[in-house]
file protein-v6.pdb (PDB, C-alpha atoms)
ATOM      1  CA  MET A  16       8.358  31.179 -74.403
ATOM      2  CA  GLN A  17       5.446  29.606 -72.722
ATOM      3  CA  ASN A  18       5.085  30.381 -69.063
ATOM      4  CA  HIS A  19       4.209  27.486 -66.752
ATOM      5  CA  HIS A  20       2.486  28.032 -63.412
ATOM      6  CA  VAL A  21       4.188  25.888 -60.789
ATOM      7  CA  ARG A  22       1.724  24.628 -58.133
ATOM      8  CA  PRO A  23       3.099  23.977 -54.634
ATOM      9  CA  LEU A  24       3.504  20.330 -53.808
ATOM     10  CA  ARG A  25       1.461  19.186 -50.755
ATOM     11  CA  ILE A  26       2.976  16.062 -49.243
ATOM     12  CA  ARG A  27       0.535  13.521 -47.817
ATOM     13  CA  LEU A  28       1.410  10.527 -45.696
ATOM     14  CA  ASN A  29      -1.222   7.850 -45.568
ATOM     15  CA  GLY A  30      -3.729  10.435 -46.627
ATOM     16  CA  LEU A  31      -2.691  12.927 -43.896
ATOM     17  CA  SER A  32      -1.289  16.351 -44.527
ATOM     18  CA  LYS A  33       1.678  17.595 -42.530
ATOM     19  CA  VAL A  34      -0.640  19.761 -40.457
ATOM     20  CA  ASP A  35      -2.965  16.867 -39.676
ATOM     21  CA  LEU A  36       0.000  14.638 -38.979
ATOM     22  CA  MET A  37       1.419  17.188 -36.515
ATOM     23  CA  LYS A  38      -1.946  17.418 -34.782
ATOM     24  CA  LYS A  39      -2.131  13.655 -34.516
ATOM     25  CA  CYS A  40       1.415  13.429 -33.165
ATOM     26  CA  LEU A  41       0.665  16.122 -30.604
ATOM     27  CA  PHE A  42      -2.462  14.227 -29.506
ATOM     28  CA  LEU A  43      -0.453  11.015 -29.112
ATOM     29  CA  VAL A  44       2.167  12.826 -27.037
ATOM     30  CA  ILE A  45      -0.549  14.163 -24.701
ATOM     31  CA  VAL A  46      -2.140  10.707 -24.313
ATOM     32  CA  ILE A  47       1.195   9.010 -23.619
ATOM     33  CA  PHE A  48       2.156  11.702 -21.099
ATOM     34  CA  SER A  49      -1.206  11.451 -19.323
ATOM     35  CA  ASN A  50      -1.019   7.670 -19.068
ATOM     36  CA  SER A  51       2.527   7.876 -17.768
ATOM     37  CA  CYS A  52       1.516  10.412 -15.129
ATOM     38  CA  SER A  53      -1.439   8.280 -14.056
ATOM     39  CA  GLU A  54       0.819   5.271 -13.644
ATOM     40  CA  LYS A  55       3.260   7.328 -11.582
ATOM     41  CA  LEU A  56       0.461   8.662  -9.374
ATOM     42  CA  GLU A  57      -0.771   5.128  -8.743
ATOM     43  CA  GLU A  58       2.760   4.200  -7.716
ATOM     44  CA  VAL A  59       3.181   7.210  -5.415
ATOM     45  CA  ILE A  60      -0.276   7.240  -3.733
ATOM     46  CA  PRO A  61      -0.882   3.935  -1.915
ATOM     47  CA  VAL A  62      -4.396   2.643  -1.381
ATOM     48  CA  GLU A  63      -5.293   3.069   2.278
ATOM     49  CA  GLU A  64      -6.956   0.078   3.921
ATOM     50  CA  PRO A  65      -9.158   0.468   7.007
ATOM     51  CA  ALA A  66      -7.471  -0.221  10.325
ATOM     52  CA  PRO A  67      -8.365  -3.580  11.890
ATOM     53  CA  PHE A  68     -11.067  -3.592  14.567
ATOM     54  CA  GLU A  69      -9.234  -4.165  17.829
ATOM     55  CA  SER A  70     -10.707  -6.474  20.477
ATOM     56  CA  LEU A  71     -11.617  -5.377  23.988
ATOM     57  CA  ARG A  72      -9.732  -7.343  26.654
ATOM     58  CA  VAL A  73     -11.311  -7.704  30.078
ATOM     59  CA  VAL A  74      -9.558  -9.102  33.172
ATOM     60  CA  ILE A  75     -11.386  -9.712  36.458
ATOM     61  CA  ASP A  76      -9.108 -10.028  39.470
ATOM     62  CA  TRP A  77      -9.554 -10.550  43.224
ATOM     63  CA  ASP A  78      -5.942 -11.451  44.000
ATOM     64  CA  ASN A  79      -5.596  -9.844  47.414
ATOM     65  CA  THR A  80      -4.508 -11.196  50.769
ATOM     66  CA  PHE A  81      -6.039 -11.318  54.218
ATOM     67  CA  GLU A  82      -4.809 -12.463  57.588
ATOM     68  CA  TYR A  83      -6.597 -14.721  60.031
ATOM     69  CA  GLU A  84      -5.147 -15.762  63.382
ATOM     70  CA  GLY A  85      -1.679 -14.746  62.238
ATOM     71  CA  ILE A  86      -1.847 -16.723  58.979
ATOM     72  CA  GLN A  87      -1.766 -15.050  55.540
ATOM     73  CA  TYR A  88      -4.336 -16.252  53.018
ATOM     74  CA  THR A  89      -4.955 -15.204  49.430
ATOM     75  CA  TYR A  90      -8.402 -14.752  47.980
ATOM     76  CA  CYS A  91      -7.276 -16.492  44.813
ATOM     77  CA  ALA A  92      -6.452 -19.641  46.763
ATOM     78  CA  THR A  93      -9.655 -19.626  48.776
ATOM     79  CA  MET A  94     -12.298 -18.302  46.366
ATOM     80  CA  ASP A  95     -13.620 -19.317  42.949
ATOM     81  CA  ILE A  96     -15.474 -16.582  41.070
ATOM     82  CA  ASP A  97     -16.689 -17.362  37.569
ATOM     83  CA  VAL A  98     -17.333 -14.581  35.056
ATOM     84  CA  LEU A  99     -20.055 -14.814  32.423
ATOM     85  CA  VAL A 100     -20.989 -12.409  29.630
ATOM     86  CA  TYR A 101     -24.571 -12.384  28.341
ATOM     87  CA  ASN A 102     -26.052 -10.550  25.372
ATOM     88  CA  GLU A 103     -29.517  -9.017  25.227
ATOM     89  CA  PHE A 104     -30.978 -12.416  24.298
ATOM     90  CA  ASN A 105     -29.652 -14.053  27.477
ATOM     91  CA  GLN A 106     -26.949 -15.950  25.565
ATOM     92  CA  GLU A 107     -23.431 -16.392  26.945
ATOM     93  CA  VAL A 108     -21.089 -15.075  24.223
ATOM     94  CA  THR A 109     -17.566 -16.030  25.354
ATOM     95  CA  ASP A 110     -18.002 -19.816  25.428
ATOM     96  CA  PHE A 111     -17.463 -19.508  29.203
ATOM     97  CA  ALA A 112     -13.865 -18.416  28.642
ATOM     98  CA  ALA A 113     -13.794 -16.675  32.030
ATOM     99  CA  ALA A 114     -15.429 -19.465  34.023
ATOM    100  CA  ARG A 115     -12.452 -21.798  34.253
ATOM    101  CA  SER A 116     -11.551 -21.659  37.968
ATOM    102  CA  ASN A 117      -8.718 -19.257  37.191
ATOM    103  CA  CYS A 118      -7.609 -16.212  39.143
ATOM    104  CA  PRO A 119      -7.717 -13.806  37.477
ATOM    105  CA  GLU A 120     -10.361 -14.670  34.878
ATOM    106  CA  GLU A 121     -10.286 -12.962  31.490
ATOM    107  CA  PHE A 122     -12.049 -12.787  28.127
ATOM    108  CA  GLU A 123     -12.108 -10.749  24.911
ATOM    109  CA  LEU A 124     -14.903  -9.249  22.851
ATOM    110  CA  THR A 125     -13.902  -9.182  19.182
ATOM    111  CA  ALA A 126     -15.213  -7.679  15.960
ATOM    112  CA  ALA A 127     -17.198 -10.891  15.466
ATOM    113  CA  VAL A 128     -19.739 -10.093  18.180
ATOM    114  CA  ASP A 129     -22.846  -8.162  17.167
ATOM    115  CA  ASN A 130     -23.420  -4.568  18.116
ATOM    116  CA  GLY A 131     -25.402  -4.280  21.338
ATOM    117  CA  LYS A 132     -25.199  -4.561  25.100
ATOM    118  CA  TYR A 133     -23.292  -7.257  26.979
ATOM    119  CA  THR A 134     -23.686  -7.655  30.722
ATOM    120  CA  ILE A 135     -20.857  -9.018  32.862
ATOM    121  CA  TYR A 136     -21.982 -11.245  35.711
ATOM    122  CA  LEU A 137     -19.920 -12.648  38.552
ATOM    123  CA  ASN A 138     -20.973 -16.110  39.625
ATOM    124  CA  ALA A 139     -20.075 -16.490  43.279
ATOM    125  CA  TYR A 140     -19.248 -20.150  42.930
ATOM    126  CA  ASN A 141     -17.229 -21.287  45.936
ATOM    127  CA  HIS A 142     -15.155 -19.875  48.795
ATOM    128  CA  LEU A 143     -14.087 -23.257  50.214
ATOM    129  CA  GLU A 144     -16.620 -22.710  53.004
ATOM    130  CA  LEU A 145     -14.408 -20.315  54.923
ATOM    131  CA  SER A 146     -17.096 -19.718  57.514
ATOM    132  CA  ARG A 147     -17.079 -23.413  58.372
ATOM    133  CA  PHE A 148     -13.564 -22.942  59.725
ATOM    134  CA  GLY A 149     -14.613 -20.054  61.920
ATOM    135  CA  ILE A 150     -13.437 -17.313  59.542
ATOM    136  CA  ASP A 151     -15.798 -14.380  59.769
ATOM    137  CA  PRO A 152     -17.406 -13.116  56.530
ATOM    138  CA  LEU A 153     -14.989 -11.015  54.493
ATOM    139  CA  ASN A 154     -15.610  -8.263  51.974
ATOM    140  CA  VAL A 155     -13.515  -8.963  48.902
ATOM    141  CA  PRO A 156     -12.831  -6.122  46.399
ATOM    142  CA  VAL A 157     -13.012  -7.218  42.768
ATOM    143  CA  SER A 158     -11.105  -5.275  40.091
ATOM    144  CA  ILE A 159     -12.136  -5.151  36.437
ATOM    145  CA  PHE A 160      -9.362  -4.151  34.023
ATOM    146  CA  LEU A 161     -10.407  -3.150  30.493
ATOM    147  CA  SER A 162      -7.975  -2.406  27.659
ATOM    148  CA  ARG A 163      -8.176  -1.723  23.921
ATOM    149  CA  ASN A 164      -5.444  -0.322  21.697
ATOM    150  CA  GLU A 165      -3.448   1.866  24.100
ATOM    151  CA  LYS A 166      -6.330   2.818  26.388
ATOM    152  CA  GLU A 167      -6.800   1.171  29.783
ATOM    153  CA  HIS A 168      -9.313   1.541  32.590
ATOM    154  CA  VAL A 169      -9.846  -0.071  35.992
ATOM    155  CA  SER A 170     -13.126  -0.308  37.891
ATOM    156  CA  ILE A 171     -13.404  -1.522  41.470
ATOM    157  CA  ILE A 172     -16.891  -2.919  41.825
ATOM    158  CA  ASP A 173     -18.798  -3.320  45.056
ATOM    159  CA  THR A 174     -17.090  -5.859  47.243
ATOM    160  CA  ILE A 175     -18.277  -9.454  47.373
ATOM    161  CA  SER A 176     -18.949 -10.837  50.816
ATOM    162  CA  THR A 177     -17.956 -14.351  51.803
ATOM    163  CA  ASN A 178     -21.278 -14.684  53.559
ATOM    164  CA  ASP A 179     -22.589 -18.115  52.562
ATOM    165  CA  SER A 180     -25.992 -16.789  51.551
ATOM    166  CA  ILE A 181     -24.747 -15.387  48.217
ATOM    167  CA  TRP A 182     -22.665 -18.367  47.177
ATOM    168  CA  GLN A 183     -23.545 -21.365  45.066
ATOM    169  CA  ILE A 184     -21.979 -23.901  47.439
ATOM    170  CA  ARG A 185     -25.157 -24.616  49.401
ATOM    171  CA  ASP A 186     -27.883 -25.418  46.898
ATOM    172  CA  GLN A 187     -25.860 -25.453  43.633
ATOM    173  CA  ARG A 188     -28.032 -22.745  42.086
ATOM    174  CA  PRO A 189     -26.071 -20.053  40.219
ATOM    175  CA  VAL A 190     -25.911 -16.719  42.032
ATOM    176  CA  TYR A 191     -25.206 -13.886  39.580
ATOM    177  CA  ILE A 192     -23.908 -10.485  40.625
ATOM    178  CA  GLU A 193     -24.027  -7.824  37.886
ATOM    179  CA  ALA A 194     -20.638  -6.149  37.510
ATOM    180  CA  GLY A 195     -21.148  -3.801  34.550
ATOM    181  CA  ILE A 196     -22.325  -3.413  30.965
ATOM    182  CA  ILE A 197     -20.255  -3.302  27.757
ATOM    183  CA  THR A 198     -21.850  -1.827  24.639
ATOM    184  CA  LYS A 199     -20.334  -2.666  21.247
ATOM    185  CA  THR A 200     -20.722  -0.148  18.415
ATOM    186  CA  ASP A 201     -19.460   0.102  14.836
ATOM    187  CA  ILE A 202     -16.313   1.882  15.996
ATOM    188  CA  GLY A 203     -15.558   0.429  19.417
ATOM    189  CA  PHE A 204     -16.855  -0.295  22.898
ATOM    190  CA  GLU A 205     -18.403   1.564  25.818
ATOM    191  CA  TRP A 206     -18.105   0.521  29.478
ATOM    192  CA  GLN A 207     -20.638   1.453  32.116
ATOM    193  CA  VAL A 208     -20.637   0.495  35.791
ATOM    194  CA  ALA A 209     -22.783   1.889  38.575
ATOM    195  CA  GLY A 210     -21.317   5.023  40.136
ATOM    196  CA  GLU A 211     -18.891   5.770  37.268
ATOM    197  CA  GLU A 212     -19.047   7.805  34.088
ATOM    198  CA  LYS A 213     -19.209   5.955  30.794
ATOM    199  CA  VAL A 214     -15.782   5.014  29.394
ATOM    200  CA  ILE A 215     -15.292   4.796  25.614
ATOM    201  CA  PHE A 216     -12.721   2.478  24.046
TER     202      PHE A 216
END

call {"tool": "encode", "arguments": {"input": "protein-v6.pdb", "output": "structure tokens"}}
result
Amino acid sequence: MQNHHVRPLRIRLNGLSKVDLMKKCLFLVIVIFSNSCSEKLEEVIPVEEPAPFESLRVVIDWDNTFEYEGIQYTYCATMDIDVLVYNEFNQEVTDFAAARSNCPEEFELTAAVDNGKYTIYLNAYNHLELSRFGIDPLNVPVSIFLSRNEKEHVSIIDTISTNDSIWQIRDQRPVYIEAGIITKTDIGFEWQVAGEEKVIF
């Protein structure tokens, strides 16, 4: 009897052995799992956007009362103070938003303004010529309220006198009284007024 040597049969699929096919399948499983995990991570971890740059709101108020010969008067009703904000190039930057004969006057500095220093001026415009009616010169305290986000600050600047010599009513020339300086930076604002420490918003 003739002996025949039986060779083991190696199965190939599309030219791949079982071993190579298992390796390929394992590689595909790893790729699919990795892609799935990446998609899940993208779903779980949101993309953080920078917080919006909040504006600085400024309110200038002189709404107090005084009495003369038994009659109560309000400064708001008898005085017109305009507020102007100038940059370092002597340009008014609020479109005269706080020079509208209001009491109080207010304006905002937004993200649109350039970094730099902005000086607040009070224009002593008119006090209805109180002295003409025999009312002695008065010293009027002016309050400046600043707020941004949840932070607030109040400065009481040097009082404005109703003495005619500082007002515009006589010769119609603007009389500017410096109230304080706001500095805008990349991250916010700084407020500086004479006699106070710098306040950061």

call {"tool": "atom_distance", "arguments": {"input": "protein-v6.pdb", "atom1": "atom CA of Glu121 of chain A", "atom2": "atom CA of Ile86 of chain A"}}
result
29.0 Å

call {"tool": "atom_distance", "arguments": {"input": "protein-v6.pdb", "atom1": "atom CA of Tyr83 of chain A", "atom2": "atom CA of Ile175 of chain A"}}
result
18.0 Å

call {"tool": "axis_aligned_box", "arguments": {"input": "protein-v6.pdb", "around": "segment 73-81 of chain A", "padding_each_side": "5 Å", "output": "JSON"}}
result
{"center_x": -7.9, "center_y": -9.6, "center_z": 42.1, "size_x": 16.9, "size_y": 13.7, "size_z": 34.1}

call {"tool": "closest_residue", "arguments": {"input": "protein-v6.pdb", "among": "A:Tyr101, A:Phe122, A:Tyr133, A:Tyr88", "to": "Leu71 of chain A", "atoms": "all atoms listed in the file"}}
result
A:Phe122

call {"tool": "resolve_selection", "arguments": {"input": "protein-v6.pdb", "expression": "the PyMOL selection byres ((chain A and resi 206) around 9)", "output": "ChimeraX atom specification"}}
result
/A:161,195-198,204-205,207-208,212-216

call {"tool": "resolve_selection", "arguments": {"input": "protein-v6.pdb", "expression": "the PyMOL selection byres ((chain A and resi 110) around 12)", "output": "list in words"}}
result
Val98, Leu99, Val100, Tyr101, Gln106, Glu107, Val108, Thr109, Phe111, Ala112, Ala113, Ala114, Arg115, Glu121, Phe122, Glu123 and Leu124 of chain A

call {"tool": "write_last_selection", "arguments": {"input": "protein-v6.pdb", "atoms": "C-alpha atoms", "output": "compact mmCIF listing (two decimals), keeping the file's coordinate frame"}}
result
# COMPACT_ATOMS: atom_id res chain seq x y z
CA VAL A 98 -17.33 -14.58 35.06
CA LEU A 99 -20.06 -14.81 32.42
CA VAL A 100 -20.99 -12.41 29.63
CA TYR A 101 -24.57 -12.38 28.34
CA GLN A 106 -26.95 -15.95 25.56
CA GLU A 107 -23.43 -16.39 26.94
CA VAL A 108 -21.09 -15.08 24.22
CA THR A 109 -17.57 -16.03 25.35
CA PHE A 111 -17.46 -19.51 29.20
CA ALA A 112 -13.86 -18.42 28.64
CA ALA A 113 -13.79 -16.68 32.03
CA ALA A 114 -15.43 -19.46 34.02
CA ARG A 115 -12.45 -21.80 34.25
CA GLU A 121 -10.29 -12.96 31.49
CA PHE A 122 -12.05 -12.79 28.13
CA GLU A 123 -12.11 -10.75 24.91
CA LEU A 124 -14.90 -9.25 22.85

call {"tool": "resolve_selection", "arguments": {"input": "protein-v6.pdb", "expression": "the PyMOL selection byres ((chain A and resi 96) around 8)", "output": "list in words"}}
result
Met94, Asp95, Asp97, Val98, Ala114, Ser116, Leu137, Asn138, Ala139, Tyr140 and Asn141 of chain A

call {"tool": "atom_distance", "arguments": {"input": "protein-v6.pdb", "atom1": "atom CA of Val128 of chain A", "atom2": "atom CA of Ile202 of chain A"}}
result
12.6 Å

call {"tool": "closest_residue", "arguments": {"input": "protein-v6.pdb", "among": "A:Asn105, A:Pro119, A:Asp78, A:Lys166", "to": "Gly203 of chain A", "atoms": "only C-alpha atoms"}}
result
A:Lys166
